[in-house]
$ cat data04.cif   # mmCIF, C-alpha atoms; chains and numbers go by the auth columns
data_my_file
#
loop_
_atom_site.group_PDB
_atom_site.id
_atom_site.type_symbol
_atom_site.label_atom_id
_atom_site.label_comp_id
_atom_site.label_asym_id
_atom_site.label_seq_id
_atom_site.Cartn_x
_atom_site.Cartn_y
_atom_site.Cartn_z
_atom_site.B_iso_or_equiv
_atom_site.auth_seq_id
_atom_site.auth_asym_id
ATOM 1 C CA MET A 1 -54.354 -93.412 -110.349 0.00 234 A
ATOM 2 C CA PRO A 2 -50.664 -94.403 -110.717 0.00 235 A
ATOM 3 C CA LYS A 3 -48.184 -93.994 -107.912 0.00 236 A
ATOM 4 C CA PRO A 4 -45.940 -90.912 -107.974 0.00 237 A
ATOM 5 C CA LEU A 5 -42.404 -91.388 -109.220 0.00 238 A
ATOM 6 C CA SER A 6 -39.745 -91.843 -106.556 0.00 239 A
ATOM 7 C CA PHE A 7 -38.502 -89.007 -104.391 0.00 240 A
ATOM 8 C CA ASP A 8 -34.921 -89.843 -105.388 0.00 241 A
ATOM 9 C CA LEU A 9 -35.691 -89.489 -109.101 0.00 242 A
ATOM 10 C CA ARG A 10 -37.392 -86.162 -108.473 0.00 243 A
ATOM 11 C CA GLU A 11 -34.410 -84.878 -106.488 0.00 244 A
ATOM 12 C CA ARG A 12 -31.957 -85.934 -109.202 0.00 245 A
ATOM 13 C CA ALA A 13 -34.021 -84.209 -111.880 0.00 246 A
ATOM 14 C CA VAL A 14 -34.332 -80.937 -109.969 0.00 247 A
ATOM 15 C CA SER A 15 -30.658 -80.883 -108.971 0.00 248 A
ATOM 16 C CA ARG A 16 -29.659 -81.313 -112.620 0.00 249 A
ATOM 17 C CA VAL A 17 -31.986 -78.476 -113.679 0.00 250 A
ATOM 18 C CA LEU A 18 -30.567 -76.257 -110.905 0.00 251 A
ATOM 19 C CA ALA A 19 -27.041 -77.139 -112.098 0.00 252 A
ATOM 20 C CA GLY A 20 -27.904 -75.640 -115.485 0.00 253 A
ATOM 21 C CA GLU A 21 -29.032 -78.541 -117.655 0.00 254 A
ATOM 22 C CA SER A 22 -32.081 -78.011 -119.832 0.00 255 A
ATOM 23 C CA VAL A 23 -35.374 -79.531 -118.809 0.00 256 A
ATOM 24 C CA ARG A 24 -35.553 -81.509 -122.040 0.00 257 A
ATOM 25 C CA SER A 25 -32.097 -83.054 -121.631 0.00 258 A
ATOM 26 C CA VAL A 26 -32.802 -83.987 -118.000 0.00 259 A
ATOM 27 C CA ALA A 27 -36.087 -85.602 -119.040 0.00 260 A
ATOM 28 C CA ALA A 28 -34.360 -87.562 -121.811 0.00 261 A
ATOM 29 C CA VAL A 29 -31.539 -88.797 -119.550 0.00 262 A
ATOM 30 C CA LEU A 30 -33.866 -89.828 -116.710 0.00 263 A
ATOM 31 C CA GLN A 31 -36.505 -91.193 -119.115 0.00 264 A
ATOM 32 C CA VAL A 32 -39.405 -89.146 -117.751 0.00 265 A
ATOM 33 C CA SER A 33 -41.682 -86.653 -119.422 0.00 266 A
ATOM 34 C CA VAL A 34 -40.619 -83.055 -119.895 0.00 267 A
ATOM 35 C CA SER A 35 -43.755 -81.865 -118.126 0.00 268 A
ATOM 36 C CA SER A 36 -42.833 -83.897 -115.037 0.00 269 A
ATOM 37 C CA VAL A 37 -39.429 -82.243 -114.782 0.00 270 A
ATOM 38 C CA VAL A 38 -41.025 -78.812 -115.271 0.00 271 A
ATOM 39 C CA LYS A 39 -43.615 -79.484 -112.554 0.00 272 A
ATOM 40 C CA TRP A 40 -41.013 -80.827 -110.113 0.00 273 A
ATOM 41 C CA SER A 41 -38.824 -77.778 -110.702 0.00 274 A
ATOM 42 C CA GLN A 42 -41.775 -75.440 -110.151 0.00 275 A
ATOM 43 C CA ARG A 43 -42.773 -77.275 -106.981 0.00 276 A
ATOM 44 C CA TYR A 44 -39.202 -77.028 -105.687 0.00 277 A
ATOM 45 C CA ARG A 45 -39.111 -73.270 -106.346 0.00 278 A
ATOM 46 C CA VAL A 46 -42.415 -72.720 -104.552 0.00 279 A
ATOM 47 C CA THR A 47 -42.192 -75.156 -101.622 0.00 280 A
ATOM 48 C CA GLY A 48 -38.513 -76.059 -101.369 0.00 281 A
ATOM 49 C CA SER A 49 -39.364 -79.733 -101.714 0.00 282 A
ATOM 50 C CA VAL A 50 -39.897 -82.144 -104.590 0.00 283 A
ATOM 51 C CA ALA A 51 -42.157 -84.449 -102.578 0.00 284 A
ATOM 52 C CA ALA A 52 -45.369 -85.559 -104.254 0.00 285 A
ATOM 53 C CA GLY A 53 -48.461 -83.594 -103.362 0.00 286 A
ATOM 54 C CA ARG A 54 -51.628 -85.003 -101.927 0.00 287 A
ATOM 55 C CA ALA A 55 -53.607 -87.218 -104.293 0.00 288 A
ATOM 56 C CA ALA A 56 -56.591 -85.535 -105.880 0.00 289 A
ATOM 57 C CA GLY A 57 -60.131 -86.351 -104.998 0.00 290 A
ATOM 58 C CA ARG A 58 -62.199 -86.445 -101.880 0.00 291 A
ATOM 59 C CA PRO A 59 -64.042 -89.244 -100.153 0.00 292 A
ATOM 60 C CA ARG A 60 -67.605 -89.738 -101.245 0.00 293 A
ATOM 61 C CA PRO A 61 -70.200 -89.143 -98.556 0.00 294 A
ATOM 62 C CA SER A 62 -71.812 -92.305 -97.269 0.00 295 A
ATOM 63 C CA LEU A 63 -75.306 -93.037 -98.517 0.00 296 A
ATOM 64 C CA LEU A 64 -76.064 -94.508 -95.122 0.00 297 A
ATOM 65 C CA ALA A 65 -74.927 -91.566 -92.980 0.00 298 A
ATOM 66 C CA PRO A 66 -78.515 -90.304 -92.485 0.00 299 A
ATOM 67 C CA HIS A 67 -79.530 -93.822 -91.371 0.00 300 A
ATOM 68 C CA ARG A 68 -76.627 -94.393 -88.960 0.00 301 A
ATOM 69 C CA ALA A 69 -78.708 -94.179 -85.777 0.00 302 A
ATOM 70 C CA PHE A 70 -81.353 -96.527 -87.181 0.00 303 A
ATOM 71 C CA MET A 71 -78.773 -99.103 -88.253 0.00 304 A
ATOM 72 C CA LEU A 72 -76.869 -99.000 -84.967 0.00 305 A
ATOM 73 C CA GLU A 73 -80.175 -99.391 -83.113 0.00 306 A
ATOM 74 C CA GLN A 74 -81.053 -102.432 -85.226 0.00 307 A
ATOM 75 C CA ILE A 75 -77.647 -104.012 -84.686 0.00 308 A
ATOM 76 C CA GLY A 76 -77.632 -103.317 -80.941 0.00 309 A
ATOM 77 C CA SER A 77 -81.207 -104.507 -80.377 0.00 310 A
ATOM 78 C CA GLY A 78 -80.126 -108.042 -79.506 0.00 311 A
ATOM 79 C CA LYS A 79 -82.142 -109.551 -82.354 0.00 312 A
ATOM 80 C CA HIS A 80 -80.445 -111.699 -84.953 0.00 313 A
ATOM 81 C CA VAL A 81 -79.490 -109.175 -87.628 0.00 314 A
ATOM 82 C CA THR A 82 -77.951 -109.946 -90.997 0.00 315 A
ATOM 83 C CA LEU A 83 -76.569 -107.642 -93.633 0.00 316 A
ATOM 84 C CA ARG A 84 -79.315 -108.746 -96.017 0.00 317 A
ATOM 85 C CA GLY A 85 -81.858 -107.995 -93.290 0.00 318 A
ATOM 86 C CA LEU A 86 -80.432 -104.512 -92.819 0.00 319 A
ATOM 87 C CA GLN A 87 -80.549 -104.023 -96.573 0.00 320 A
ATOM 88 C CA ALA A 88 -84.243 -105.027 -96.587 0.00 321 A
ATOM 89 C CA ASP A 89 -85.023 -102.725 -93.611 0.00 322 A
ATOM 90 C CA LEU A 90 -83.409 -99.816 -95.418 0.00 323 A
ATOM 91 C CA ALA A 91 -85.432 -100.590 -98.550 0.00 324 A
ATOM 92 C CA LEU A 92 -88.615 -100.421 -96.464 0.00 325 A
ATOM 93 C CA ARG A 93 -87.495 -96.972 -95.313 0.00 326 A
ATOM 94 C CA GLY A 94 -87.069 -95.892 -98.951 0.00 327 A
ATOM 95 C CA THR A 95 -83.303 -96.263 -99.253 0.00 328 A
ATOM 96 C CA LYS A 96 -82.311 -98.928 -101.754 0.00 329 A
ATOM 97 C CA VAL A 97 -78.629 -99.784 -101.419 0.00 330 A
ATOM 98 C CA ASP A 98 -76.408 -102.643 -102.451 0.00 331 A
ATOM 99 C CA TYR A 99 -75.378 -105.387 -100.021 0.00 332 A
ATOM 100 C CA ARG A 100 -71.777 -104.199 -100.322 0.00 333 A
ATOM 101 C CA THR A 101 -72.772 -100.677 -99.211 0.00 334 A
ATOM 102 C CA VAL A 102 -74.245 -102.115 -96.018 0.00 335 A
ATOM 103 C CA TRP A 103 -71.126 -104.238 -95.482 0.00 336 A
ATOM 104 C CA ASN A 104 -68.866 -101.189 -95.962 0.00 337 A
ATOM 105 C CA PHE A 105 -70.903 -99.242 -93.397 0.00 338 A
ATOM 106 C CA VAL A 106 -70.714 -102.055 -90.831 0.00 339 A
ATOM 107 C CA HIS A 107 -66.998 -102.490 -91.458 0.00 340 A
ATOM 108 C CA ALA A 108 -66.316 -98.726 -91.150 0.00 341 A
ATOM 109 C CA GLU A 109 -68.201 -98.684 -87.822 0.00 342 A
ATOM 110 C CA GLY A 110 -65.952 -101.487 -86.543 0.00 343 A
ATOM 111 C CA LEU A 111 -68.841 -103.892 -86.003 0.00 344 A
ATOM 112 C CA SER A 112 -68.575 -107.628 -86.498 0.00 345 A
ATOM 113 C CA PHE A 113 -71.078 -110.360 -87.122 0.00 346 A
ATOM 114 C CA LYS A 114 -68.689 -113.188 -86.353 0.00 347 A
ATOM 115 C CA LYS A 115 -69.905 -115.841 -83.971 0.00 348 A
ATOM 116 C CA LYS A 116 -68.129 -116.199 -80.657 0.00 349 A
ATOM 117 C CA ARG A 117 -65.893 -119.236 -80.380 0.00 350 A
ATOM 118 C CA SER A 118 -66.953 -121.799 -77.784 0.00 351 A
ATOM 119 C CA ALA A 119 -64.693 -122.099 -74.700 0.00 352 A
ATOM 120 C CA LYS A 120 -65.026 -125.908 -74.699 0.00 353 A
ATOM 121 C CA ARG A 121 -63.602 -126.738 -78.066 0.00 354 A
ATOM 122 C CA ALA A 122 -62.213 -130.161 -78.704 0.00 355 A
ATOM 123 C CA THR A 123 -58.570 -130.148 -79.677 0.00 356 A
ATOM 124 C CA PRO A 124 -57.517 -132.545 -82.453 0.00 357 A
ATOM 125 C CA SER A 125 -55.240 -135.333 -81.347 0.00 358 A
#
$ encode --input "data04.cif" --output "structure tokens"
Amino acid sequence: MPKPLSFDLRERAVSRVLAGESVRSVAAVLQVSVSSVVKWSQRYRVTGSVAAGRAAGRPRPSLLAPHRAFMLEQIGSGKHVTLRGLQADLALRGTKVDYRTVWNFVHAEGLSFKKKRSAKRATPS
């Protein structure tokens, strides 16, 4: 989805329409579509602002939400756990998901599989 046009451009378009110019002439001068100028003018009349509205859509529910407790238990068990291992455990439970789905879940939970750095590390000379 493209980014909304700038707030400044929207304000200029609406102020010109309010000053009496036609929507078509404002659109031609500012090189935007007529429908954009119409929508900005309507939004200004209703809300008093030309700011862009919230982007459409809603987040998709996680496929792994029902398995959250199981996955957190596996990760916190102290055993060596890999993302591929979690993926295989989920498949055994009847939930086949992609590796990336498991990674996204772990990342969203704020968990990390990075190894701890050793305190006695040799410094290069």
$ closest_residue --input "data04.cif" --among "A:Ala246, A:Leu251, A:Arg326, A:Ala341" --to "A:Val267" --atoms "all atoms listed in the file"
A:Ala246
$ residues_around --input "data04.cif" --residues "stretch 279-284 of chain A" --least-positions-apart "5" --cutoff "8 Å" --atoms "only C-alpha atoms" --output "MDAnalysis selection string"
chainID A and resid 240 243:244 247 273:274
$ resolve_selection --input "data04.cif" --expression "the PyMOL selection byres ((chain A and resi 301) around 12)" --output "list in words"
Ser295, Leu296, Leu297, Ala298, Pro299, His300, Ala302, Phe303, Met304, Leu305, Glu306, Gln307, Ile308, Leu319, Leu323, Val335, Phe338, Val339, Ala341 and Glu342 of chain A
$ residues_around --input "data04.cif" --residues "A:Trp336" --least-positions-apart "3" --cutoff "10 Å" --atoms "only C-alpha atoms" --output "PyMOL selection string"
chain A and resi 315-317+319-320+331-333+339-342+344-345
$ atom_distance --input "data04.cif" --atom1 "atom CA of A:Pro237" --atom2 "atom CA of A:Gly286"
9.0 Å
$ resolve_selection --input "data04.cif" --expression "the PyMOL selection byres ((chain A and resi 265) around 12)" --output "list in words"
Pro237, Leu238, Ser239, Leu242, Arg243, Arg245, Ala246, Val256, Arg257, Ser258, Val259, Ala260, Ala261, Val262, Leu263, Gln264, Ser266, Val267, Ser268, Ser269, Val270, Val271, Lys272 and Trp273 of chain A
$ atom_distance --input "data04.cif" --atom1 "atom CA of A:Thr334" --atom2 "atom CA of A:His313"
19.6 Å
$ atom_distance --input "data04.cif" --atom1 "atom CA of A:Ala288" --atom2 "atom CA of A:Pro235"
10.1 Å
$ axis_aligned_box --input "data04.cif" --around "stretch 234-253 of chain A" --padding-each-side "5 Å" --output "lines of an AutoDock Vina configuration file"
center_x = -40.7
center_y = -85.0
center_z = -109.9
size_x = 37.3
size_y = 28.8
size_z = 21.1
